[in-house]
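Q: Here you go, this is work_0.csv (CSV, C-alpha atoms).
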chain,number,residue,atom,x,y,z
A,1,MET,CA,161.3,195.2,63.9
A,2,THR,CA,161.0,192.5,66.5
A,3,VAL,CA,163.8,192.8,69.1
A,4,THR,CA,165.1,189.3,70.0
A,5,TYR,CA,167.3,188.7,73.0
A,6,SER,CA,166.4,185.1,74.0
A,7,SER,CA,170.0,183.9,73.5
A,8,LYS,CA,171.3,186.6,76.0
A,9,VAL,CA,169.1,185.2,78.8
A,10,ALA,CA,169.2,181.5,78.0
A,11,ASN,CA,170.9,180.8,81.4
A,12,ALA,CA,170.4,182.6,84.7
A,13,SER,CA,173.5,184.3,86.0
A,14,PHE,CA,174.7,187.0,88.3
A,15,PHE,CA,173.1,190.3,87.1
A,16,GLY,CA,172.0,188.4,84.0
A,17,PHE,CA,169.7,191.1,82.8
A,18,HIS,CA,172.2,193.9,83.1
A,19,ARG,CA,173.3,193.5,79.5
A,20,LEU,CA,169.8,194.2,78.3
A,21,LEU,CA,169.7,197.5,80.1
A,22,LEU,CA,172.4,198.9,77.7
A,23,ARG,CA,170.4,198.3,74.5
A,24,TRP,CA,168.7,201.1,72.7
A,25,LYS,CA,166.5,199.5,70.0
A,26,GLY,CA,163.2,198.5,71.5
A,27,SER,CA,164.2,199.9,74.9
A,28,ILE,CA,162.2,201.9,77.3
A,29,TYR,CA,164.7,204.7,76.9
A,30,LYS,CA,163.9,205.1,73.3
A,31,LEU,CA,160.2,205.2,74.0
A,32,LEU,CA,160.2,207.5,77.0
A,33,TYR,CA,163.1,210.0,76.6
A,34,ARG,CA,161.0,212.8,75.2
A,35,GLU,CA,158.4,212.7,77.9
A,36,PHE,CA,161.1,212.2,80.6
A,37,ALA,CA,163.0,215.2,79.4
A,38,LEU,CA,159.9,217.3,79.3
A,39,PHE,CA,159.0,216.3,82.9
A,40,VAL,CA,162.5,217.2,84.1
A,41,LEU,CA,162.4,220.6,82.4
A,42,LEU,CA,159.0,221.5,83.8
A,43,TYR,CA,160.0,220.4,87.3
A,44,THR,CA,163.3,222.4,87.1
A,45,PHE,CA,161.4,225.5,85.8
A,46,LEU,CA,159.0,225.4,88.7
A,47,SER,CA,161.8,224.8,91.2
A,48,VAL,CA,163.8,227.8,89.9
A,49,VAL,CA,160.8,230.1,89.9
A,50,TYR,CA,159.9,229.1,93.4
A,51,ARG,CA,163.4,229.6,94.8
A,52,PHE,CA,164.6,232.7,93.0
A,53,PHE,CA,161.6,234.7,91.6
A,54,PHE,CA,158.7,234.4,94.1
A,55,SER,CA,158.3,236.8,96.8
A,56,GLU,CA,157.9,235.6,100.4
A,57,HIS,CA,154.2,235.8,100.2
A,58,GLN,CA,154.1,234.0,96.9
A,59,LYS,CA,156.4,231.3,98.3
A,60,ARG,CA,154.0,230.6,101.2
A,61,LEU,CA,151.1,230.3,98.8
A,62,PHE,CA,153.1,228.0,96.5
A,63,GLU,CA,154.0,225.9,99.5
A,64,LYS,CA,150.4,225.4,100.5
A,65,LEU,CA,149.5,224.5,97.0
A,66,SER,CA,152.4,222.0,96.9
A,67,LEU,CA,151.3,220.3,100.2
A,68,TYR,CA,147.7,220.1,98.8
A,69,CYS,CA,148.9,218.5,95.6
A,70,GLU,CA,151.1,216.0,97.4
A,71,THR,CA,148.3,215.0,99.7
A,72,TYR,CA,145.6,214.4,97.1
A,73,ALA,CA,147.7,213.1,94.2
A,74,GLU,CA,148.2,209.9,96.1
A,75,GLN,CA,144.4,209.3,95.9
A,76,ILE,CA,144.6,208.7,92.2
A,77,PRO,CA,144.6,204.9,91.7
A,78,VAL,CA,147.4,204.9,89.1
A,79,THR,CA,148.9,201.5,90.0
A,80,PHE,CA,145.6,199.6,90.0
A,81,VAL,CA,144.2,201.2,86.8
A,82,LEU,CA,147.5,201.0,84.9
A,83,GLY,CA,148.3,197.5,85.9
A,84,PHE,CA,145.0,196.1,84.9
A,85,TYR,CA,145.1,198.0,81.6
A,86,VAL,CA,148.6,196.8,80.7
A,87,THR,CA,147.7,193.2,81.5
A,88,LEU,CA,144.7,193.4,79.2
A,89,VAL,CA,146.9,194.9,76.4
A,90,VAL,CA,149.6,192.3,76.7
A,91,ASN,CA,147.1,189.4,76.6
A,92,ARG,CA,145.5,191.0,73.5
A,93,TRP,CA,149.0,191.4,71.9
A,94,TRP,CA,149.9,187.8,72.4
A,95,ASN,CA,146.5,186.5,71.2
A,96,GLN,CA,147.0,188.4,68.0
A,97,PHE,CA,150.4,186.7,67.5
A,98,VAL,CA,148.9,183.3,68.1
A,99,ASN,CA,146.3,184.0,65.4
A,100,LEU,CA,148.7,184.9,62.7
A,101,PRO,CA,147.7,182.9,59.6
A,102,TRP,CA,150.6,180.4,58.9
A,103,PRO,CA,150.2,178.1,55.9
A,104,ASP,CA,152.3,175.2,57.1
A,105,ARG,CA,149.5,172.8,58.0
A,106,LEU,CA,147.7,173.4,54.7
A,107,MET,CA,150.9,173.1,52.6
A,108,ILE,CA,151.6,169.7,54.1
A,109,HIS,CA,148.1,168.5,53.4
A,110,ILE,CA,148.2,169.8,49.8
A,111,SER,CA,151.5,168.2,49.1
A,112,SER,CA,150.5,164.8,50.4
A,113,CYS,CA,146.8,164.7,49.3
A,114,VAL,CA,146.7,166.4,45.9
A,115,LYS,CA,148.2,163.8,43.5
A,116,GLY,CA,149.8,164.2,40.1
A,117,LYS,CA,153.4,165.0,39.1
A,118,ASP,CA,152.3,166.2,35.7
A,119,GLU,CA,152.0,169.9,34.8
A,120,TYR,CA,148.3,170.1,35.7
A,121,GLY,CA,148.9,168.5,39.1
A,122,ARG,CA,151.7,171.0,39.7
A,123,LEU,CA,149.5,173.9,38.6
A,124,LEU,CA,146.7,172.6,40.9
A,125,ARG,CA,148.8,172.5,44.0
A,126,ARG,CA,150.5,175.8,43.4
A,127,THR,CA,147.2,177.5,42.7
A,128,LEU,CA,145.7,176.2,45.9
A,129,MET,CA,148.7,177.4,47.8
A,130,ARG,CA,148.6,180.8,46.1
A,131,TYR,CA,145.0,181.3,47.2
A,132,VAL,CA,146.1,180.6,50.8
A,133,ASN,CA,148.8,183.2,50.6
A,134,LEU,CA,146.5,185.7,48.8
A,135,THR,CA,144.1,185.4,51.7
A,136,SER,CA,146.8,186.3,54.2
A,137,VAL,CA,148.0,189.2,52.1
A,138,LEU,CA,144.5,190.6,51.8
A,139,ILE,CA,143.9,190.5,55.6
A,140,PHE,CA,147.3,191.8,56.4
A,141,ARG,CA,146.7,194.8,54.0
A,142,SER,CA,143.7,195.7,56.1
A,143,VAL,CA,145.3,195.6,59.5
A,144,SER,CA,149.0,196.4,59.0
A,145,ARG,CA,150.4,199.7,58.0
A,146,ALA,CA,153.7,198.2,56.8
A,147,VAL,CA,151.9,195.7,54.5
A,148,CYS,CA,149.5,198.5,53.3
A,149,LYS,CA,152.6,200.6,52.3
A,150,ARG,CA,154.0,197.6,50.4
A,151,PHE,CA,150.7,196.7,48.7
A,152,PRO,CA,148.7,199.9,48.6
A,153,THR,CA,146.3,198.7,45.9
A,154,ILE,CA,145.1,195.4,44.4
A,155,GLU,CA,147.3,196.2,41.4
A,156,HIS,CA,150.4,195.9,43.5
A,157,VAL,CA,149.1,192.5,44.8
A,158,VAL,CA,148.8,191.4,41.1
A,159,GLU,CA,152.3,192.6,40.3
A,160,ALA,CA,153.7,190.7,43.2
A,161,GLY,CA,152.2,187.5,41.8
A,162,PHE,CA,149.6,186.7,44.5
A,163,MET,CA,146.8,187.3,42.0
A,164,THR,CA,146.4,187.0,38.2
A,165,PRO,CA,144.8,189.7,36.1
A,166,GLU,CA,141.8,187.4,35.5
A,167,GLU,CA,141.4,186.8,39.2
A,168,ARG,CA,141.6,190.5,39.8
A,169,LYS,CA,138.7,191.1,37.4
A,170,MET,CA,136.6,188.5,39.1
A,171,TYR,CA,137.6,189.9,42.5
A,172,GLU,CA,136.5,193.4,41.6
A,173,ASN,CA,133.3,192.3,39.9
A,174,ILE,CA,132.1,190.8,43.1
A,175,ARG,CA,130.2,193.7,44.6
A,176,SER,CA,130.3,193.8,48.4
A,177,PRO,CA,130.6,196.7,50.8
A,178,HIS,CA,132.6,194.4,53.2
A,179,LEU,CA,136.2,193.4,53.2
A,180,LYS,CA,136.7,190.7,50.6
A,181,TYR,CA,139.6,188.6,52.0
A,182,TRP,CA,137.2,185.6,52.1
A,183,ILE,CA,137.0,185.4,48.3
A,184,PRO,CA,140.3,183.4,47.8
A,185,VAL,CA,139.0,181.0,50.5
A,186,VAL,CA,135.9,180.3,48.4
A,187,TRP,CA,138.1,179.8,45.3
A,188,PHE,CA,140.2,177.3,47.3
A,189,CYS,CA,137.2,175.3,48.4
A,190,ASN,CA,135.7,175.2,44.9
A,191,LEU,CA,139.0,174.2,43.3
A,192,ALA,CA,139.6,171.5,46.0
A,193,SER,CA,136.1,170.1,45.3
A,194,LYS,CA,136.9,170.0,41.5
A,195,ALA,CA,140.1,168.2,42.2
A,196,ARG,CA,138.2,165.6,44.2
A,197,GLU,CA,135.8,165.1,41.3
A,198,GLU,CA,138.7,164.7,38.9
A,199,GLY,CA,140.4,162.2,41.2
A,200,ARG,CA,143.4,164.3,42.0
A,201,ILE,CA,142.2,164.1,45.7
A,202,GLN,CA,141.5,160.4,46.0
A,203,ASP,CA,139.6,160.3,49.3
A,204,SER,CA,136.7,162.4,50.6
A,205,ILE,CA,138.4,162.4,54.0
A,206,ASP,CA,141.4,164.2,52.5
A,207,LEU,CA,139.1,166.8,51.0
A,208,GLN,CA,137.4,167.3,54.4
A,209,ASN,CA,140.8,167.7,56.0
A,210,LEU,CA,141.7,170.4,53.5
A,211,LEU,CA,138.4,172.2,54.0
A,212,ASN,CA,138.9,172.1,57.7
A,213,GLU,CA,142.4,173.5,57.5
A,214,ILE,CA,141.4,176.3,55.2
A,215,ASN,CA,138.5,177.1,57.5
A,216,GLY,CA,140.9,177.3,60.4
A,217,LEU,CA,143.1,179.7,58.5
A,218,ARG,CA,140.0,181.8,57.7
A,219,ALA,CA,139.2,181.8,61.4
A,220,TRP,CA,142.7,183.2,62.2
A,221,CYS,CA,142.2,185.9,59.6
A,222,SER,CA,138.7,186.7,61.0
A,223,THR,CA,140.2,187.0,64.5
A,224,LEU,CA,142.9,189.5,63.3
A,225,PHE,CA,140.2,191.5,61.6
A,226,GLY,CA,138.1,191.4,64.8
A,227,TYR,CA,141.0,192.7,66.9
A,228,ASP,CA,141.5,195.5,64.4
A,229,TRP,CA,137.8,196.4,64.4
A,230,VAL,CA,137.1,196.1,68.1
A,231,GLY,CA,139.9,197.5,70.2
A,232,VAL,CA,140.3,198.2,73.9
A,233,PRO,CA,137.4,200.6,74.7
A,234,LEU,CA,138.4,204.1,74.1
A,235,VAL,CA,137.0,205.2,77.4
A,236,TYR,CA,139.4,202.8,79.3
A,237,THR,CA,142.4,204.1,77.3
A,238,GLN,CA,141.4,207.7,78.1
A,239,VAL,CA,140.9,206.9,81.8
A,240,VAL,CA,144.3,205.3,82.1
A,241,THR,CA,146.1,208.1,80.2
A,242,LEU,CA,144.3,210.8,82.2
A,243,ALA,CA,145.2,209.0,85.5
A,244,VAL,CA,148.9,208.8,84.7
A,245,TYR,CA,149.3,212.3,83.3
A,246,THR,CA,147.1,213.9,86.0
A,247,PHE,CA,149.2,212.2,88.7
A,248,PHE,CA,152.4,213.6,87.3
A,249,LEU,CA,151.1,217.1,86.7
A,250,ALA,CA,150.2,217.2,90.3
A,251,SER,CA,153.6,215.7,91.2
A,252,LEU,CA,155.3,218.6,89.4
A,253,ILE,CA,154.0,220.9,92.2
A,254,GLY,CA,153.5,218.4,95.0
A,255,ARG,CA,157.0,216.8,94.9
A,256,GLN,CA,158.9,220.1,95.0
A,257,PHE,CA,161.4,220.5,97.8
A,258,LEU,CA,160.1,223.3,100.1
A,259,ASP,CA,162.0,225.6,102.4
A,260,PRO,CA,163.2,223.5,105.3
A,261,THR,CA,163.0,226.5,107.7
A,262,GLN,CA,159.2,226.5,107.4
A,263,GLY,CA,159.1,223.2,109.3
A,264,TYR,CA,156.7,221.4,106.9
A,265,GLN,CA,156.4,217.7,107.7
A,266,GLY,CA,158.6,215.6,105.4
A,267,HIS,CA,160.5,218.6,104.1
A,268,ASP,CA,163.5,218.6,106.3
A,269,LEU,CA,166.0,218.2,103.5
A,270,ASP,CA,166.4,220.2,100.3
A,271,LEU,CA,168.0,217.8,97.8
A,272,TYR,CA,167.1,219.8,94.6
A,273,ILE,CA,166.9,216.6,92.5
A,274,PRO,CA,163.8,214.5,93.1
A,275,VAL,CA,165.4,211.1,92.5
A,276,PHE,CA,162.5,208.9,93.5
A,277,THR,CA,159.9,211.1,91.8
A,278,LEU,CA,161.9,210.7,88.6
A,279,LEU,CA,162.1,207.0,89.1
A,280,GLN,CA,158.3,206.9,89.7
A,281,PHE,CA,157.8,208.8,86.4
A,282,PHE,CA,160.1,206.4,84.6
A,283,PHE,CA,158.2,203.3,85.8
A,284,TYR,CA,154.6,204.6,85.5
A,285,ALA,CA,155.0,206.5,82.3
A,286,GLY,CA,157.1,203.6,80.9
A,287,TRP,CA,154.3,201.2,81.8
A,288,LEU,CA,151.9,203.3,79.8
A,289,LYS,CA,154.3,203.4,76.9
A,290,VAL,CA,154.5,199.6,76.9
A,291,ALA,CA,150.7,199.5,76.5
A,292,GLU,CA,150.9,202.2,73.8
A,293,GLN,CA,153.4,200.1,71.8
A,294,LEU,CA,151.6,196.8,72.2
A,295,ILE,CA,148.0,197.9,71.7
A,296,ASN,CA,148.5,197.6,68.0
A,297,PRO,CA,151.3,195.2,67.0
A,298,PHE,CA,150.8,195.7,63.3
A,299,GLY,CA,152.4,199.1,63.2
A,300,GLU,CA,156.1,200.0,62.7
A,301,ASP,CA,157.4,200.1,66.2
A,302,ASP,CA,160.5,198.2,67.2
A,303,ASP,CA,158.5,195.4,68.8
A,304,ASP,CA,155.7,195.1,66.3
A,305,PHE,CA,155.2,192.0,64.3
A,306,GLU,CA,157.3,191.4,61.2
A,307,VAL,CA,154.3,190.9,59.0
A,308,ASN,CA,156.1,191.5,55.7
A,309,TRP,CA,158.6,188.8,56.6
A,310,VAL,CA,155.7,186.4,57.4
A,311,ILE,CA,154.3,187.0,53.9
A,312,ASP,CA,157.7,186.4,52.3
A,313,ARG,CA,158.4,183.3,54.3
A,314,SER,CA,154.9,181.8,53.8
A,315,LEU,CA,155.0,182.2,50.0
A,316,GLN,CA,158.5,180.8,49.6
A,317,VAL,CA,158.1,177.8,52.0
A,318,SER,CA,154.6,176.8,50.9
A,319,LEU,CA,155.5,176.8,47.2
A,320,LEU,CA,158.5,174.7,47.9
A,321,ALA,CA,156.5,172.2,49.9
A,322,VAL,CA,153.8,171.7,47.2
A,323,ASP,CA,156.0,171.8,44.2
A,324,GLU,CA,159.6,170.8,44.4
A,325,MET,CA,159.1,168.6,47.5
A,326,HIS,CA,155.9,166.9,46.2
A,327,MET,CA,156.7,163.1,46.4
A,328,ASN,CA,160.4,164.0,46.3
A,329,LEU,CA,161.6,161.5,48.8
A,330,PRO,CA,165.1,160.4,49.9
A,331,THR,CA,166.1,156.8,49.4
A,332,MET,CA,165.1,154.7,52.4
A,333,THR,CA,168.1,153.1,54.2
A,334,LYS,CA,168.6,151.2,57.5
A,335,ASP,CA,169.2,153.6,60.3
A,336,MET,CA,172.3,153.3,62.4
A,337,TYR,CA,170.4,151.7,65.3
A,338,TRP,CA,168.9,148.9,63.1
A,339,ASN,CA,170.2,146.0,65.2
A,340,ASP,CA,170.5,148.0,68.5
A,341,SER,CA,167.6,147.5,70.9
A,342,ASP,CA,168.9,150.1,73.2
A,343,ALA,CA,169.3,153.1,70.9
A,344,ARG,CA,171.2,156.0,72.6
A,345,PRO,CA,172.3,158.9,70.5
A,346,PRO,CA,175.7,160.3,71.5
A,347,TYR,CA,176.5,163.5,73.4
A,348,THR,CA,179.2,165.9,72.8
A,349,LEU,CA,181.5,166.8,75.7
A,350,ALA,CA,179.8,170.2,76.1
A,351,ALA,CA,176.4,168.5,76.5
A,352,ALA,CA,177.6,165.6,78.7
A,353,ASP,CA,175.9,167.1,81.8
A,354,SER,CA,172.5,166.8,80.0
A,355,CYS,CA,172.7,163.0,80.0
A,356,ILE,CA,170.6,162.1,83.1
A,357,PRO,CA,168.8,158.9,84.1
A,358,SER,CA,165.1,158.5,83.4
A,359,PHE,CA,162.6,159.7,86.0
A,360,LEU,CA,160.7,156.7,87.3
A,361,GLY,CA,158.4,158.5,89.8
A,362,SER,CA,158.9,160.2,93.1
A,363,THR,CA,158.2,157.0,95.1
A,364,THR,CA,160.9,154.9,93.3
A,365,ASP,CA,163.4,155.1,96.2
A,366,MET,CA,160.8,153.9,98.7
A,367,GLY,CA,161.2,150.3,97.5
A,368,SER,CA,164.6,150.1,99.1
A,369,ALA,CA,163.4,151.3,102.5
A,370,THR,CA,162.7,148.8,105.3
A,371,ILE,CA,159.1,147.8,105.4
A,372,PRO,CA,157.8,146.2,108.6
A,373,PRO,CA,156.2,142.7,108.2
A,374,LEU,CA,152.4,142.5,108.0
A,375,LYS,CA,150.1,139.9,109.3
A,376,ALA,CA,146.4,139.0,108.8
A,377,ARG,CA,143.9,140.9,110.8
A,378,PRO,CA,141.6,138.9,113.2
A,379,PRO,CA,138.3,137.7,111.7
A,380,ILE,CA,136.4,139.6,114.4
A,381,LEU,CA,137.3,142.9,112.7
A,382,TYR,CA,135.2,141.9,109.7
A,383,ARG,CA,132.1,140.7,111.5
A,384,SER,CA,130.0,143.3,109.7
A,385,PHE,CA,130.7,141.6,106.4
A,386,MET,CA,129.8,138.0,107.4
A,387,SER,CA,126.2,138.3,106.6
A,388,VAL,CA,126.9,139.3,103.0
A,389,CYS,CA,130.5,138.4,102.1
A,390,PRO,CA,132.5,135.2,102.7
A,391,VAL,CA,135.2,136.1,105.2
A,392,THR,CA,138.3,134.1,106.2
A,393,SER,CA,141.1,135.0,108.5
A,394,THR,CA,143.1,136.5,105.7
A,395,ALA,CA,140.7,137.7,103.0
A,396,VAL,CA,137.2,138.9,102.1
A,397,SER,CA,135.3,138.3,98.9
A,398,VAL,CA,133.4,141.3,97.8
A,399,PRO,CA,130.7,141.3,95.1
A,400,VAL,CA,131.6,143.5,92.1
A,401,GLY,CA,129.1,143.7,89.2
A,402,THR,CA,128.1,140.1,88.4
A,403,GLY,CA,131.2,138.5,90.0
A,404,TRP,CA,133.4,138.6,93.1
A,405,ILE,CA,136.7,140.2,93.8
A,406,PHE,CA,139.1,138.6,96.3
A,407,LEU,CA,140.7,141.2,98.6
A,408,PRO,CA,143.5,140.2,101.0
A,409,LEU,CA,143.3,141.9,104.4
A,410,TRP,CA,146.5,143.1,106.1
A,411,SER,CA,147.3,145.0,109.2
A,412,GLU,CA,150.6,146.3,110.5
A,413,SER,CA,152.4,144.2,113.1
A,414,ASN,CA,152.8,145.3,116.6
Would you mind writing the file's structure down as structure tokens?

A:
Amino acid sequence: MTVTYSSKVANASFFGFHRLLLRWKGSIYKLLYREFALFVLLYTFLSVVYRFFFSEHQKRLFEKLSLYCETYAEQIPVTFVLGFYVTLVVNRWWNQFVNLPWPDRLMIHISSCVKGKDEYGRLLRRTLMRYVNLTSVLIFRSVSRAVCKRFPTIEHVVEAGFMTPEERKMYENIRSPHLKYWIPVVWFCNLASKAREEGRIQDSIDLQNLLNEINGLRAWCSTLFGYDWVGVPLVYTQVVTLAVYTFFLASLIGRQFLDPTQGYQGHDLDLYIPVFTLLQFFFYAGWLKVAEQLINPFGEDDDDFEVNWVIDRSLQVSLLAVDEMHMNLPTMTKDMYWNDSDARPPYTLAAADSCIPSFLGSTTDMGSATIPPLKARPPILYRSFMSVCPVTSTAVSVPVGTGWIFLPLWSESN
């Protein structure tokens, strides 16, 4: 679902974004074409009726109404309300991405801290990692429509291998009216404590690190649940939507081209097609559509998060890390820079321009500038120190703490 175009804009160029304007998937055209077509049809209908079906008296009344709508529609604070709303929604959207529960930190800790290459050690590591992935699946089921379609019931979670039939019975026997995504976290903590008692985790600090990491993942899941529970206040969404659509309903009448012979101010030309009104609709309504798409990134829009991919990737990578890669190390050999004190990896010809000298500070070049000679200041300048500090013609000793610091005194030469 996510539309990626980073490689297309890696380097700034002349009209660098123009290639992006021709895309359809994830574009503003795909989001807005229905509303835009409806606006054009309504505007055209009113224009045709005004020009060809109204009597002269009806035309004068319509013209007064049009002038009234044009005058007072501008008092609707569309730009302010919509801009603030979209900023809020985009920040909320990004924070939800930042709080997606990734298992990478936990899988590294489990692989390195939970010892044992026997079958029980392997079972222990894989079970701990499965509980981590089960927690993610349970929270994603509650917030994402795509994941809920994939795992509509707990039975589907069992069939997918995230939960055993025995664990399902224990899960269902725990009576709670609340969402139970935290249960695998408790199982993880209890199993990790058992592994510490059995010596599979050899240090209490390692156990503490594991518990801190699983608590961090639980915090990510809680944050996603909180965003799903407490959204942008409905009243704010209603105000923004009403402001945008009320403005353009008034514009349907207020932006009509009126009869130039009537001498209305600003209506000297009859262009038939309101180019800038259509552009304004495209920008404002498109802005609102951006907020509509991003306000819940766990749906099935083009730019919503690929949560099912996150589940697949997390399970596959985490099981690899704690099982096949556990203590599976390559043979250590001397690196190619073993006897080279000035290690410099090579550049290809295409990357040669990236080889630049090290930055040593903005004042580096000042050392080569001509500095005028300095001489000692006369002792009379430091008469105020004489009663406390020993003063010579070239230096003053100042008490610092329990000792003295010797400060040379210089002045610029004439």

Q: I'd like to know which of A:Tyr131, A:Phe17, A:Phe248, A:Tyr29 is closest to Ser314 (chain A), using all atoms listed in the file.

A: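 Distance minimum relative to Ser314 (chain A) lands on A:Tyr131.
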
Q: Fewer than 2 positions away in the same chain doesn't count, so skip those; otherwise give me all residues within 12 Å of Asp312 (chain A), counting all atoms listed in the file, as a PyMOL selection string.

A: chain A and resi 102-103+133-134+136-137+147+150+160-162+306-310+314-319

Q: Identify which of the residues A:Phe140, A:Tyr5, A:Tyr264, A:Tyr347 lies closest to Trp220 (chain A), counting all atoms listed in the file when measuring atom-to-atom distances.

A: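 Of the candidates, the smallest distance to Trp220 (chain A) is held by A:Phe140.
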
Q: Using only C-alpha atoms, which of A:Val90, A:Cys221, A:Leu210, A:Leu22 sits nearest Arg105 (chain A)?

A: A:Leu210

Q: Kindly assemble as CSV a list of the region 58-143 of chain A residues that lie within 6 Å of region 195-205 of chain A, each paired with its nearest atom pair and their distance in Å to one decimal, using all atoms listed in the file, sorted first by chain and then by ascending residue number.

A:
residue,atom,partner,partner_atom,distance
A:Cys113,CA,A:Ile201,CA,5.9
A:Val114,CA,A:Ile201,CA,5.1
A:Lys115,CA,A:Arg200,CA,5.1

Q: Hey, what's within 12 Å of Tyr33 (chain A) if we count only C-alpha atoms and toss same-chain stuff fewer than 4 positions away? As a list in words, please?

A: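 Result of the neighbour search: Trp24, Ser27, Ile28, Tyr29, Ala37, Leu38, Phe39, Val40, Phe281, Phe282, Ala285, Gly286 and Lys289 of chain A.
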
Q: Could those selected residues go to a file with C-alpha atoms, as a PDB file, in the coordinates of the input?

A:
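Everything below was put into result34.pdb:
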ATOM      1  CA  TRP A  24     168.700 201.100  72.700  1.00  0.00           C
ATOM      2  CA  SER A  27     164.200 199.900  74.900  1.00  0.00           C
ATOM      3  CA  ILE A  28     162.200 201.900  77.300  1.00  0.00           C
ATOM      4  CA  TYR A  29     164.700 204.700  76.900  1.00  0.00           C
ATOM      5  CA  ALA A  37     163.000 215.200  79.400  1.00  0.00           C
ATOM      6  CA  LEU A  38     159.900 217.300  79.300  1.00  0.00           C
ATOM      7  CA  PHE A  39     159.000 216.300  82.900  1.00  0.00           C
ATOM      8  CA  VAL A  40     162.500 217.200  84.100  1.00  0.00           C
ATOM      9  CA  PHE A 281     157.800 208.800  86.400  1.00  0.00           C
ATOM     10  CA  PHE A 282     160.100 206.400  84.600  1.00  0.00           C
ATOM     11  CA  ALA A 285     155.000 206.500  82.300  1.00  0.00           C
ATOM     12  CA  GLY A 286     157.100 203.600  80.900  1.00  0.00           C
ATOM     13  CA  LYS A 289     154.300 203.400  76.900  1.00  0.00           C
TER      14      LYS A 289
END

Q: Got a sec: who's within 12 Å of Glu300 (chain A), counting all atoms listed in the file, leaving out chain neighbours fewer than 5 positions off, as a PyMOL selection string?

A: chain A and resi 1-2+26+144-149+293-294+305-308

Q: Enter the distance from CA of Phe283 (chain A) to CA of Arg255 (chain A), in Å, rounded to one decimal.

A: 16.3 Å

Q: Which residues come within 12 Å of region 176-189 of chain A, counting all atoms listed in the file, excluding same-chain residues fewer than 6 positions away, as a count of residues only?

A: 51

Q: Of the candidates A:Phe54, A:Tyr272, A:Phe359, A:Phe80, which one gets nearest to Val244 (chain A) if we count all atoms listed in the file?

A: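 With all atoms listed in the file as the atom set, the closest residue is A:Phe80.
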
Q: What is the distance between CA of Val78 (chain A) and CA of Gln265 (chain A), in Å to one decimal?

A: 24.3 Å

Q: Given the choices A:Ser47, A:Ser6, A:Ser341, A:Thr79, which gets closest to Leu252 (chain A) if the distance is worked out from all atoms listed in the file?

A: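 Closest to Leu252 (chain A), using all atoms listed in the file: A:Ser47.
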
Q: Starting from the point (149.3, 203.6, 80.1), work out which residues of protein, DNA or RNA have an atom no more than 7 Å away when counting only C-alpha atoms; state them as a list of chain:residue names.

A: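 Residues satisfying the cut-off, written out: A:Leu82, A:Val86, A:Val240, A:Thr241, A:Val244, A:Ala285, A:Trp287, A:Leu288, A:Lys289, A:Ala291, A:Glu292.
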
Q: May I ask which of the residues A:Gly254, A:Pro274, A:Pro165, A:Pro101 is the closest one to Thr223 (chain A), counting only C-alpha atoms?

A: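 Comparing A:Gly254, A:Pro274, A:Pro165, A:Pro101 against Thr223 (chain A), the winner is A:Pro101.
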